[in-house]
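Okay, query37.txt is below, compact mmCIF, C-alpha atoms and all ligand atoms:
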# COMPACT_ATOMS: atom_id res chain seq x y z
CA MET K 1 0.00 0.00 0.00
CA LYS K 2 2.85 2.38 0.88
CA ASP K 3 4.09 2.30 -2.73
CA ILE K 4 0.85 3.80 -3.90
CA PHE K 5 1.63 7.23 -2.45
CA LYS K 6 3.90 8.59 -5.17
CA VAL K 7 3.71 9.72 -8.79
CA HIS K 8 3.23 6.78 -11.12
CA ASN K 9 4.63 6.90 -14.61
CA VAL K 10 1.44 5.23 -15.82
CA ASP K 11 -1.27 6.27 -18.25
CA ALA K 12 -4.21 7.85 -16.39
CA ARG K 13 -6.51 5.54 -18.35
CA LYS K 14 -5.01 2.69 -16.30
CA ILE K 15 -5.48 4.17 -12.82
CA GLY K 16 -7.58 1.18 -11.84
CA THR K 17 -4.63 -1.18 -12.28
CA ILE K 18 -2.65 0.69 -9.61
CA VAL K 19 -5.29 1.89 -7.14
CA LYS K 20 -7.90 -0.75 -6.54
CA GLU K 21 -9.80 0.42 -3.46
CA PRO K 22 -11.90 3.55 -2.82
CA ILE K 23 -9.23 5.38 -0.80
CA VAL K 24 -9.19 8.83 -2.44
CA ASP K 25 -10.67 11.82 -0.60
CA VAL K 26 -10.16 14.40 -3.28
CA THR K 27 -8.88 14.67 -6.84
CA ILE K 28 -7.60 18.02 -8.02
CA THR K 29 -6.53 18.11 -11.63
CA SER K 30 -6.38 19.94 -14.93
CA PRO K 31 -6.70 17.57 -17.88
CA PRO K 32 -4.39 17.85 -20.89
CA TYR K 33 -5.65 20.43 -23.37
CA PHE K 34 -7.43 19.29 -26.49
CA ASN K 35 -5.30 19.18 -29.61
CA LEU K 36 -3.24 22.10 -28.40
CA LYS K 37 -0.20 20.91 -26.68
CA ASP K 38 2.25 18.14 -27.44
CA TYR K 39 3.58 16.89 -24.10
CA GLY K 40 6.16 14.91 -25.99
CA TYR K 41 5.25 11.20 -26.03
CA LYS K 42 2.88 8.73 -27.66
CA ASN K 43 -0.69 8.09 -26.54
CA GLN K 44 -1.16 11.34 -24.72
CA ILE K 45 -4.71 12.44 -24.21
CA GLY K 46 -5.70 15.49 -26.25
CA PHE K 47 -2.97 15.84 -28.83
CA GLY K 48 -3.84 14.47 -32.25
CA GLN K 49 -7.27 13.18 -31.21
CA LYS K 50 -10.78 13.91 -32.44
CA TYR K 51 -12.89 15.87 -29.93
CA ASN K 52 -15.17 12.89 -29.30
CA GLU K 53 -12.26 10.55 -28.70
CA TYR K 54 -10.79 13.07 -26.32
CA LEU K 55 -14.02 13.31 -24.31
CA GLU K 56 -14.33 9.52 -24.27
CA ASP K 57 -10.79 9.19 -22.91
CA LEU K 58 -11.54 11.71 -20.18
CA ARG K 59 -14.67 9.78 -19.33
CA LEU K 60 -12.61 6.60 -19.06
CA VAL K 61 -10.18 8.29 -16.65
CA PHE K 62 -12.82 9.89 -14.46
CA GLU K 63 -14.88 6.72 -14.30
CA GLN K 64 -11.91 5.01 -12.67
CA VAL K 65 -11.32 8.03 -10.45
CA PHE K 66 -14.97 7.72 -9.37
CA ASP K 67 -14.47 4.06 -8.45
CA ILE K 68 -11.43 4.76 -6.26
CA THR K 69 -13.01 7.77 -4.52
CA LYS K 70 -14.61 7.48 -1.08
CA ASP K 71 -18.36 8.17 -0.85
CA SER K 72 -17.58 11.46 0.90
CA GLY K 73 -15.04 12.36 -1.78
CA THR K 74 -14.88 15.18 -4.29
CA LEU K 75 -13.27 16.14 -7.58
CA TRP K 76 -12.01 19.60 -8.57
CA VAL K 77 -11.31 20.13 -12.26
CA ILE K 78 -9.66 23.22 -13.72
CA ILE K 79 -10.72 23.46 -17.33
CA ASP K 80 -11.36 26.03 -20.03
CA THR K 81 -13.23 26.62 -23.26
CA PHE K 82 -11.21 26.89 -26.46
CA ARG K 83 -11.74 27.96 -30.07
CA LYS K 84 -11.85 25.61 -33.01
CA ASP K 85 -12.81 26.28 -36.63
CA GLY K 86 -13.87 29.81 -35.84
CA GLU K 87 -16.06 29.11 -32.81
CA VAL K 88 -15.94 28.49 -29.08
CA VAL K 89 -16.09 24.89 -27.86
CA PRO K 90 -17.71 24.74 -24.39
CA LEU K 91 -15.39 22.06 -23.02
CA PRO K 92 -16.19 22.62 -19.29
CA PHE K 93 -19.85 21.84 -19.93
CA ASP K 94 -19.27 19.01 -22.43
CA PHE K 95 -16.85 17.53 -19.91
CA SER K 96 -19.31 17.92 -17.05
CA ASN K 97 -22.07 16.17 -19.01
CA LYS K 98 -19.71 13.40 -20.01
CA ILE K 99 -18.56 12.55 -16.51
CA SER K 100 -22.06 12.87 -15.05
CA GLU K 101 -22.72 9.69 -17.07
CA VAL K 102 -20.41 7.78 -14.72
CA GLY K 103 -21.98 9.27 -11.57
CA TRP K 104 -20.14 12.52 -10.81
CA LYS K 105 -22.46 15.25 -9.49
CA LEU K 106 -21.64 18.82 -10.39
CA GLN K 107 -21.79 20.94 -7.21
CA GLU K 108 -20.07 24.27 -7.92
CA VAL K 109 -19.04 26.29 -10.96
CA ILE K 110 -16.31 28.74 -9.98
CA ILE K 111 -14.65 31.37 -12.10
CA TRP K 112 -10.91 31.52 -11.57
CA GLY K 113 -9.75 35.02 -12.45
CA LYS K 114 -6.07 34.95 -13.43
CA ASP K 115 -4.36 38.27 -13.47
CA ARG K 116 -1.23 37.61 -15.41
CA THR K 117 -2.40 35.75 -18.47
CA VAL K 118 -1.08 36.60 -21.88
CA PRO K 119 -1.58 40.32 -22.29
CA TRP K 120 -2.70 40.04 -25.90
CA ALA K 121 -5.84 38.74 -27.55
CA HIS K 122 -6.52 37.33 -30.96
CA LYS K 123 -7.83 39.88 -33.36
CA GLY K 124 -11.56 40.44 -32.96
CA GLN K 125 -11.78 38.47 -29.69
CA MET K 126 -11.96 39.46 -26.08
CA ARG K 127 -8.96 38.92 -23.87
CA SER K 128 -9.42 35.71 -21.92
CA LEU K 129 -8.79 36.29 -18.24
CA PHE K 130 -10.41 33.34 -16.57
CA GLU K 131 -10.81 29.58 -16.46
CA TYR K 132 -13.46 27.38 -14.92
CA VAL K 133 -13.08 25.46 -11.70
CA LEU K 134 -15.70 22.73 -11.38
CA LEU K 135 -16.42 20.86 -8.19
CA PHE K 136 -18.03 17.43 -8.38
CA SER K 137 -19.04 15.05 -5.63
CA LYS K 138 -19.43 11.30 -5.62
CA THR K 139 -22.59 11.33 -3.47
CA LYS K 140 -24.90 13.96 -2.04
CA ASN K 141 -23.10 13.71 1.29
CA TYR K 142 -19.65 15.02 0.57
CA ASN K 143 -16.87 16.81 2.46
CA PHE K 144 -17.30 20.53 2.06
CA ASN K 145 -16.10 22.73 4.87
CA ILE K 146 -16.53 26.30 3.77
CA ASP K 147 -15.80 27.60 7.29
CA LYS K 148 -12.14 26.70 6.74
CA VAL K 149 -11.67 29.39 4.11
CA ARG K 150 -13.72 32.27 5.45
CA ASP K 151 -12.15 35.67 5.49
CA PHE K 152 -11.21 36.85 8.96
CA GLN K 153 -9.99 40.06 10.41
CA SER K 154 -8.33 40.63 13.74
CA LEU K 155 -10.03 42.14 16.77
CA LYS K 156 -10.64 45.85 16.48
CA LYS K 157 -11.68 48.40 19.03
CA TRP K 158 -15.27 48.59 17.76
CA TRP K 159 -15.78 44.85 18.11
CA VAL K 160 -14.91 45.03 21.78
CA LYS K 161 -17.95 47.25 22.22
CA TYR K 162 -20.06 45.97 19.32
CA PRO K 163 -19.32 42.24 19.06
CA GLU K 164 -22.70 41.70 17.42
CA ARG K 165 -21.41 43.48 14.31
CA TYR K 166 -18.56 41.06 13.72
CA ASN K 167 -19.55 37.88 11.91
CA PRO K 168 -17.86 35.20 14.04
CA LYS K 169 -17.88 32.85 11.07
CA GLY K 170 -16.07 35.33 8.81
CA LYS K 171 -17.03 36.32 5.31
CA THR K 172 -18.35 33.59 3.02
CA PRO K 173 -16.08 33.15 0.00
CA GLU K 174 -17.57 34.01 -3.35
CA ALA K 175 -17.67 31.84 -6.46
CA ILE K 176 -15.19 34.10 -8.24
CA TRP K 177 -11.66 33.37 -7.14
CA ASN K 178 -8.72 35.59 -7.89
CA PHE K 179 -5.37 33.86 -7.89
CA ASP K 180 -2.44 34.99 -10.00
CA ILE K 181 -0.80 32.31 -12.09
CA PRO K 182 2.71 31.55 -10.81
CA MET K 183 5.40 33.44 -12.67
CA GLN K 184 8.39 31.85 -14.30
CA GLY K 185 11.02 31.42 -11.66
CA SER K 186 8.80 31.23 -8.60
CA TRP K 187 9.08 27.45 -8.88
CA GLY K 188 12.82 27.41 -9.25
CA LYS K 189 15.10 27.10 -12.25
CA GLY K 190 13.25 26.26 -15.47
CA TYR K 191 10.73 24.31 -13.48
CA ILE K 192 7.65 25.72 -15.12
CA LYS K 193 9.05 26.07 -18.58
CA HIS K 194 6.80 23.28 -19.82
CA PHE K 195 3.50 23.97 -18.19
CA CYS K 196 1.38 26.42 -16.29
CA PRO K 197 1.32 25.13 -12.73
CA LEU K 198 -1.76 25.96 -10.72
CA PRO K 199 -1.38 28.67 -8.06
CA GLU K 200 -0.39 27.21 -4.70
CA ASP K 201 -2.91 29.29 -2.78
CA MET K 202 -5.74 28.11 -4.98
CA ILE K 203 -4.78 24.47 -4.39
CA ALA K 204 -4.56 25.19 -0.65
CA GLN K 205 -8.07 26.64 -0.74
CA MET K 206 -9.45 23.50 -2.39
CA LEU K 207 -7.59 21.22 0.02
CA LYS K 208 -8.88 23.16 3.03
CA ILE K 209 -12.49 22.98 1.85
CA THR K 210 -12.56 19.29 1.01
CA THR K 211 -9.85 17.51 3.03
CA GLU K 212 -8.26 17.06 6.44
CA GLU K 213 -4.69 16.17 7.33
CA ASN K 214 -3.76 12.61 6.34
CA ASP K 215 -6.45 12.43 3.65
CA VAL K 216 -5.56 11.06 0.23
CA VAL K 217 -5.19 13.52 -2.66
CA LEU K 218 -5.02 12.40 -6.29
CA ASP K 219 -3.91 14.25 -9.41
CA CYS K 220 -4.39 11.99 -12.42
CA PHE K 221 -2.55 14.44 -14.75
CA SER K 222 0.03 15.69 -12.32
CA GLY K 223 2.32 17.68 -14.67
CA SER K 224 4.54 19.90 -12.51
CA GLY K 225 3.12 18.22 -9.40
CA ALA K 226 1.85 21.51 -7.98
CA VAL K 227 -1.19 19.79 -6.46
CA LEU K 228 0.83 16.94 -5.00
CA SER K 229 3.53 19.08 -3.44
CA LYS K 230 0.92 21.34 -1.84
CA ALA K 231 -0.84 18.23 -0.53
CA ASP K 232 2.43 17.03 0.98
CA ASN K 233 3.14 20.49 2.47
CA MET K 234 -0.29 20.38 4.11
CA LYS K 235 0.28 16.89 5.55
CA ARG K 236 -2.03 15.07 3.17
CA ARG K 237 -0.98 11.90 1.34
CA TYR K 238 -0.72 12.06 -2.43
CA ILE K 239 -1.01 9.88 -5.51
CA GLY K 240 -0.10 11.15 -8.97
CA PHE K 241 -0.19 9.90 -12.56
CA GLU K 242 1.98 11.41 -15.28
CA LEU K 243 3.22 10.05 -18.58
CA ASN K 244 6.24 12.32 -18.88
CA GLU K 245 9.08 10.90 -16.78
CA ASP K 246 11.02 14.16 -16.79
CA TYR K 247 8.15 15.95 -15.06
CA ILE K 248 8.09 13.25 -12.40
CA SER K 249 11.78 13.53 -11.59
CA MET K 250 11.53 17.33 -11.56
CA PHE K 251 8.68 17.05 -9.07
CA ASN K 252 10.56 14.60 -6.85
CA ASN K 253 13.58 16.92 -6.76
CA TYR K 254 11.44 19.93 -6.07
CA LEU K 255 9.75 18.23 -3.13
CA LYS K 256 13.09 17.10 -1.74
CA GLU K 257 14.44 20.65 -1.87
CA THR K 258 11.43 22.55 -0.58
CA GLY K 259 9.25 20.05 1.31
CA LYS K 260 10.66 20.54 4.81
CA GLN K 261 10.54 24.31 4.76
CA LYS K 262 7.04 24.38 3.28
CA ARG K 263 5.74 22.07 5.98
CA LYS K 264 7.10 24.41 8.61
CA GLU K 265 5.33 27.32 6.96
CA TYR K 266 2.12 25.31 6.94
CA GLU K 267 2.45 24.49 10.63
CA LEU K 268 2.90 28.16 11.45
CA GLU K 269 -0.16 29.06 9.44
CA GLU K 270 -2.20 26.41 11.22
CA LYS K 271 -1.19 27.89 14.57
CA GLY K 272 -2.52 31.20 13.28
CA SER K 273 -5.86 29.65 12.54
CA MET K 274 -6.06 28.28 16.09
CA GLU K 275 -5.70 31.88 17.22
CA GLN K 276 -8.61 32.55 14.90
CA ASN K 277 -10.74 30.02 16.75
CA LYS K 278 -9.91 31.69 20.05
CA PHE K 279 -10.89 35.02 18.57
CA GLN K 280 -14.22 33.68 17.39
CA LYS K 281 -14.92 32.28 20.83
CA LEU K 282 -14.12 35.65 22.33
CA ILE K 283 -16.59 37.39 20.01
CA LEU K 284 -19.29 34.94 21.09
CA ASP K 285 -18.46 35.48 24.78
CA LEU K 286 -18.63 39.24 24.32
CA ARG K 287 -22.00 38.87 22.66
CA ALA K 288 -23.40 36.56 25.35
CA LEU K 289 -22.48 39.03 28.13
CA LYS K 290 -23.54 42.17 26.27
CA PHE K 291 -26.90 40.59 25.51
CA ALA K 292 -27.58 40.27 29.27
CA ARG K 293 -26.55 43.87 29.82
CA LEU K 294 -28.88 45.12 27.08
CA PHE K 295 -31.93 43.16 28.14
CA TYR K 296 -31.40 44.20 31.78
CA ARG K 297 -31.37 47.85 30.76
CA LYS K 298 -34.44 47.45 28.60
CA LEU K 299 -36.34 45.80 31.46
CA LYS K 300 -35.29 48.56 33.82
CA ALA K 301 -36.45 51.26 31.41
CA GLU K 302 -39.80 49.44 31.34
CA GLY K 303 -40.04 49.66 35.15
CA LEU K 304 -39.28 45.96 35.55
CA ASP K 305 -36.57 46.49 38.13
CA GLU K 306 -36.80 43.45 40.37
CA ILE K 307 -33.74 41.73 38.96
CA ILE K 308 -30.96 40.94 41.44
CA LYS K 309 -28.53 38.88 39.38
CA ILE K 310 -28.26 37.37 35.91
CA HIS K 311 -26.17 34.26 35.50
CA VAL K 312 -24.87 33.77 31.94
CA GLU K 313 -23.83 30.35 30.71
CA ARG K 314 -22.97 28.86 27.32
CA SER K 315 -25.12 25.92 26.36
CA GLN K 316 -24.36 23.04 24.02
CA ALA K 317 -27.99 22.89 22.89
CA THR K 318 -28.70 23.36 19.19
CA PRO K 319 -30.14 26.79 18.38
CA GLN K 320 -33.77 26.73 17.23
CA LYS K 321 -34.33 30.41 16.57
CA VAL K 322 -33.87 31.50 12.94
CA ASN K 323 -30.50 33.11 12.24
CA SER K 324 -29.10 32.18 15.62
CA LEU K 325 -25.64 30.70 16.01
CA PHE K 326 -25.58 29.58 19.62
CA VAL K 327 -27.67 29.01 22.72
CA ILE K 328 -27.07 30.94 25.92
CA GLN K 329 -28.70 30.13 29.22
CA TYR K 330 -29.73 33.17 31.28
CA ASP K 331 -30.70 32.38 34.89
CA VAL K 332 -32.42 35.43 36.28
CA LEU K 333 -32.68 35.88 40.06
CA VAL K 334 -35.75 38.05 40.79
CA LYS K 335 -36.87 39.61 44.08
CA SER K 336 -40.26 37.98 43.90
CA ILE K 337 -41.89 35.87 41.26
CA SER K 338 -44.71 38.42 40.86
CA GLN K 339 -43.03 40.29 38.00
CA LYS K 340 -42.04 37.07 36.26
CA ASN K 341 -44.90 36.96 33.76
CA ARG K 342 -44.50 40.58 32.75
CA ILE K 343 -40.73 40.18 32.43
CA GLU K 344 -41.15 37.09 30.31
CA THR K 345 -43.69 38.68 27.98
CA PHE K 346 -41.58 41.79 27.59
CA LEU K 347 -38.40 39.78 26.94
CA ASN K 348 -40.02 37.60 24.31
CA HIS K 349 -41.02 40.72 22.49
CA ALA K 350 -37.65 42.48 22.96
CA ILE K 351 -35.51 39.60 21.68
CA SER K 352 -37.42 39.46 18.42
CA LYS K 353 -36.45 43.06 17.62
CA ALA K 354 -33.14 44.80 16.95
CA PRO K 355 -30.69 45.17 18.59
CA LEU K 356 -31.23 41.92 20.55
CA SER K 357 -32.36 39.99 17.48
CA LYS K 358 -29.01 40.78 15.83
CA PHE K 359 -26.84 38.92 18.31
CA GLY K 360 -27.20 35.46 16.80
CA ILE K 361 -28.21 34.24 20.25
CA ASP K 362 -31.03 31.82 20.96
CA PRO K 363 -31.58 32.75 24.63
CA ARG K 364 -33.08 30.39 27.18
CA PHE K 365 -34.41 32.11 30.31
CA ARG K 366 -35.03 30.67 33.76
CA PHE K 367 -36.53 32.84 36.49
CA ILE K 368 -35.72 32.02 40.09
CA SER K 369 -36.87 33.81 43.22
CA ASN K 370 -35.34 31.51 45.80
CA ILE K 371 -31.67 32.26 46.44
CA ASN K 372 -30.89 28.65 47.34
CA ASP K 373 -32.31 27.44 44.05
CA PHE K 374 -30.14 30.04 42.34
CA TYR K 375 -27.03 28.79 44.20
CA ASP K 376 -27.81 25.27 43.04
CA LEU K 377 -27.54 26.37 39.43
CA LEU K 378 -24.05 27.79 39.81
CA SER K 379 -20.87 25.83 39.66
CA ASN K 380 -18.18 25.75 42.26
CA LYS K 381 -15.59 26.93 39.80
CA LYS K 382 -14.35 30.51 39.47
CA LEU K 383 -16.95 33.08 38.54
CA TYR K 384 -16.63 36.61 37.19
CA SER K 385 -18.86 39.60 37.78
CA TYR K 386 -19.76 42.41 35.36
CA THR K 387 -21.75 45.60 35.80
CA THR K 388 -24.56 46.63 33.51
CA GLN K 389 -22.27 49.33 32.09
CA VAL K 390 -19.27 47.25 30.94
CA THR K 391 -19.23 43.64 29.83
CA HIS K 392 -15.87 43.48 28.03
CA LYS K 393 -13.88 43.61 31.26
CA PHE K 394 -14.81 41.64 34.38
CA LYS K 395 -15.01 43.48 37.66
CA LYS K 396 -14.33 40.75 40.16
CA GLU K 397 -13.22 37.16 40.23
CA PHE K 398 -14.99 35.22 42.96
CA VAL K 399 -16.19 31.84 44.18
CA LEU K 400 -19.70 30.79 45.06
CA GLU K 401 -19.50 31.57 48.80
CA GLU K 402 -18.51 35.14 47.97
CA LEU K 403 -21.61 35.78 45.87
CA ILE K 404 -23.42 37.27 48.83
CA ASP K 405 -20.67 39.90 49.28
CA LEU K 406 -20.73 41.12 45.68
CA PRO K 407 -21.75 44.77 45.25
CA LYS K 408 -25.35 45.20 44.14
CA SER K 409 -24.22 46.83 40.90
CA ASP K 410 -22.40 43.65 39.80
CA ILE K 411 -25.58 42.27 38.32
CA ILE K 412 -24.14 39.95 35.69
CA ILE K 413 -22.20 36.88 36.77
CA SER K 414 -20.68 34.14 34.68
CA ARG K 415 -17.95 31.58 34.31
CA ILE K 416 -17.08 33.43 31.13
CA LYS K 417 -13.98 35.51 31.68
CA VAL K 418 -13.44 38.52 29.44
CA ASN K 419 -10.76 41.04 30.24
CA LEU K 420 -10.25 43.48 27.37
CA ASP K 421 -8.99 47.03 27.33
CA GLU K 422 -10.38 48.92 24.39
CA LYS K 423 -7.19 50.89 23.98
CA ASP K 424 -5.27 47.70 23.20
CA TYR K 425 -7.29 47.32 19.99
CA GLU K 426 -6.98 50.81 18.53
C1 LIG N 1 -2.62 20.50 -18.16
S1 LIG N 1 -1.28 19.52 -17.71
C2 LIG N 1 -1.40 19.48 -15.96
C3 LIG N 1 -0.75 20.63 -15.30
C4 LIG N 1 -0.77 20.50 -13.81
N1 LIG N 1 -2.09 20.71 -13.26
C5 LIG N 1 0.21 21.46 -13.16
O1 LIG N 1 -0.15 22.20 -12.22
O2 LIG N 1 1.36 21.45 -13.56
C6 LIG N 1 -1.70 17.91 -18.18
C7 LIG N 1 -0.66 16.84 -17.90
O3 LIG N 1 -1.21 15.58 -18.26
C8 LIG N 1 -0.18 14.75 -18.77
N2 LIG N 1 -0.82 13.67 -19.56
C9 LIG N 1 -1.33 13.71 -20.83
N3 LIG N 1 -1.89 12.54 -21.13
C10 LIG N 1 -1.76 11.73 -20.05
C11 LIG N 1 -2.15 10.39 -19.75
N4 LIG N 1 -2.81 9.64 -20.63
N5 LIG N 1 -1.85 9.89 -18.53
C12 LIG N 1 -1.18 10.63 -17.62
N6 LIG N 1 -0.78 11.89 -17.84
C13 LIG N 1 -1.07 12.44 -19.04
C14 LIG N 1 0.68 15.70 -19.56
O4 LIG N 1 2.01 15.21 -19.67
C15 LIG N 1 0.62 16.97 -18.69
O5 LIG N 1 1.70 17.02 -17.82

Using structure tokens, write down the structure from this file.
Amino acid sequence: MKDIFKVHNVDARKIGTIVKEPIVDVTITSPPYFNLKDYGYKNQIGFGQKYNEYLEDLRLVFEQVFDITKDSGTLWVIIDTFRKDGEVVPLPFDFSNKISEVGWKLQEVIIWGKDRTVPWAHKGQMRSLFEYVLLFSKTKNYNFNIDKVRDFQSLKKWWVKYPERYNPKGKTPEAIWNFDIPMQGSWGKGYIKHFCPLPEDMIAQMLKITTEENDVVLDCFSGSGAVLSKADNMKRRYIGFELNEDYISMFNNYLKETGKQKRKEYELEEKGSMEQNKFQKLILDLRALKFARLFYRKLKAEGLDEIIKIHVERSQATPQKVNSLFVIQYDVLVKSISQKNRIETFLNHAISKAPLSKFGIDPRFRFISNINDFYDLLSNKKLYSYTTQVTHKFKKEFVLEELIDLPKSDIIISRIKVNLDEKDYE
């Protein structure tokens, strides 16, 4: 099995003779162009073929790829239209129809905008600045983790005070991707003389969306090996197929020279994204606490002023409210239960309107008038108090027995610890 994870100098139409089990998580590839490029050996797909033969050969390859792909697996294909006999041939769509015959399901059509393509155009034609990226899946239940590639920013002063305005999931990527094509030289001496390798960052984006570390990545037309080396850098296993031996040895040398350093860079980047997770958690904590502060003030303005303490706790429950991201438990200690009904009615109304409806919180309220019952809800671990003026910086750290000594103005209590100074985020 170990021998499988390398580039095979074997025709892609014979993949099934090398890989016999469904072990592939993702295939990322760009097929040889039709009738355009001579890669320098017999039997290559594309060169010297009729269009129908070419499509049939691709079907043969991707049928075998289908068979060796896991049910959760996906296939990314970078492919473009071309001109023949004075008209455009819609290869991406012909290709898509062809491989749907063997079971592949088209899931996304992405436009890859390349900035540094040839600066000229043929007379009377527009300048071509993009290619198609197609995503297919084997089944309806496929790996697709868009959260991995959301656009994040770092914490800013205004999010300390207005955490509800920061989308904790980041910006959803659009279906137009802009990645410059690698320039000559960025891959080392003469390395890309023969082909146009795919941009590393674009491959990384695909790998992040559809794979995890240790997954198996296939490129059935591996060329420069750009996909495979990125897979190796990102701690995935790789399998390649390539007819041109020279390309294979170039790839092996390239990986030997750069592999270690690139893995280090990847590890550093991954650490950065852990920081990102911490940041997202912080935004949610800020929201959970601020929500309590806002609803307390609204109740007070309404004359509902019998609230002694509000205990805020994260809950693992699944949010039910539309547009909510998380569930927060609010245990409200009231002087007497007499106001409870009015408070509840008012709150139900208030949370359905802005600003409270904008917090992404599905709140669960419990009203308690007996202090012992309230104590029973709290944990013995450290707690933090907040006033109804500031919820981005705790006022006091305390344990359960000290609750009774807390100043009256420390209304909000929680195990959530937030300790931010606005000026640190200017
Ligand atoms: C468009 S290029 C791939 C470029 C690659 N994505 C990269 O980043 O460098 C297509 C590759 O398929 C190879 N090829 C053509 N016919 C093949 C076949 N039947 N089996 C395996 N490889 C083939 C060509 O040698 C060429 O390297």

Q: Work out how far CA of Thr81 (chain K) is from CA of Ser137 (chain K), in Å to one decimal.
A: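 These atoms are spaced 21.9 Å apart.
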
Q.
Please return as a ChimeraX atom specification the residues found within 6 Å of ligand LIG 1 (chain N), counting all atoms listed in the file.
A. /K:11-13,29-32,39,44-45,195-198,221-226,241-244

Q: Report the distance between CA of Arg165 (chain K) and CA of Ser324 (chain K) in Å, rounded to one decimal place.
A: 13.7 Å

Q) Quick one: of K:Val322, K:Ile307, K:Ile203, K:Ile412, who's nearest to Arg293 (chain K), counting all atoms listed in the file? A)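 Smallest separation from Arg293 (chain K) among the options: K:Ile412.
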
**Q.** Neighbour list for Val332 (chain K) as a ChimeraX atom specification, cut-off 7 Å, only C-alpha atoms, skip fewer than 5 positions in-chain
**A.** /K:307,309-311,366-368

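Nearest-residue note for Leu282 (chain K): choosing from K:Lys264, K:Lys298, K:Lys417, K:His349, the minimum distance belongs to K:Lys417, counting all atoms listed in the file.
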
Q: Give me the residues within 8 Å of region 87-94 of chain K as a PyMOL selection string, counting all atoms listed in the file and dropping any in the same chain fewer than 5 places off.
A: chain K and resi 55+79-82+132+134

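Residues in contact with Met206 (chain K) at up to 8 Å, not including ones fewer than 4 positions away on its chain and judged by all atoms listed in the file, are Trp76, Met202 and Thr210 of chain K.
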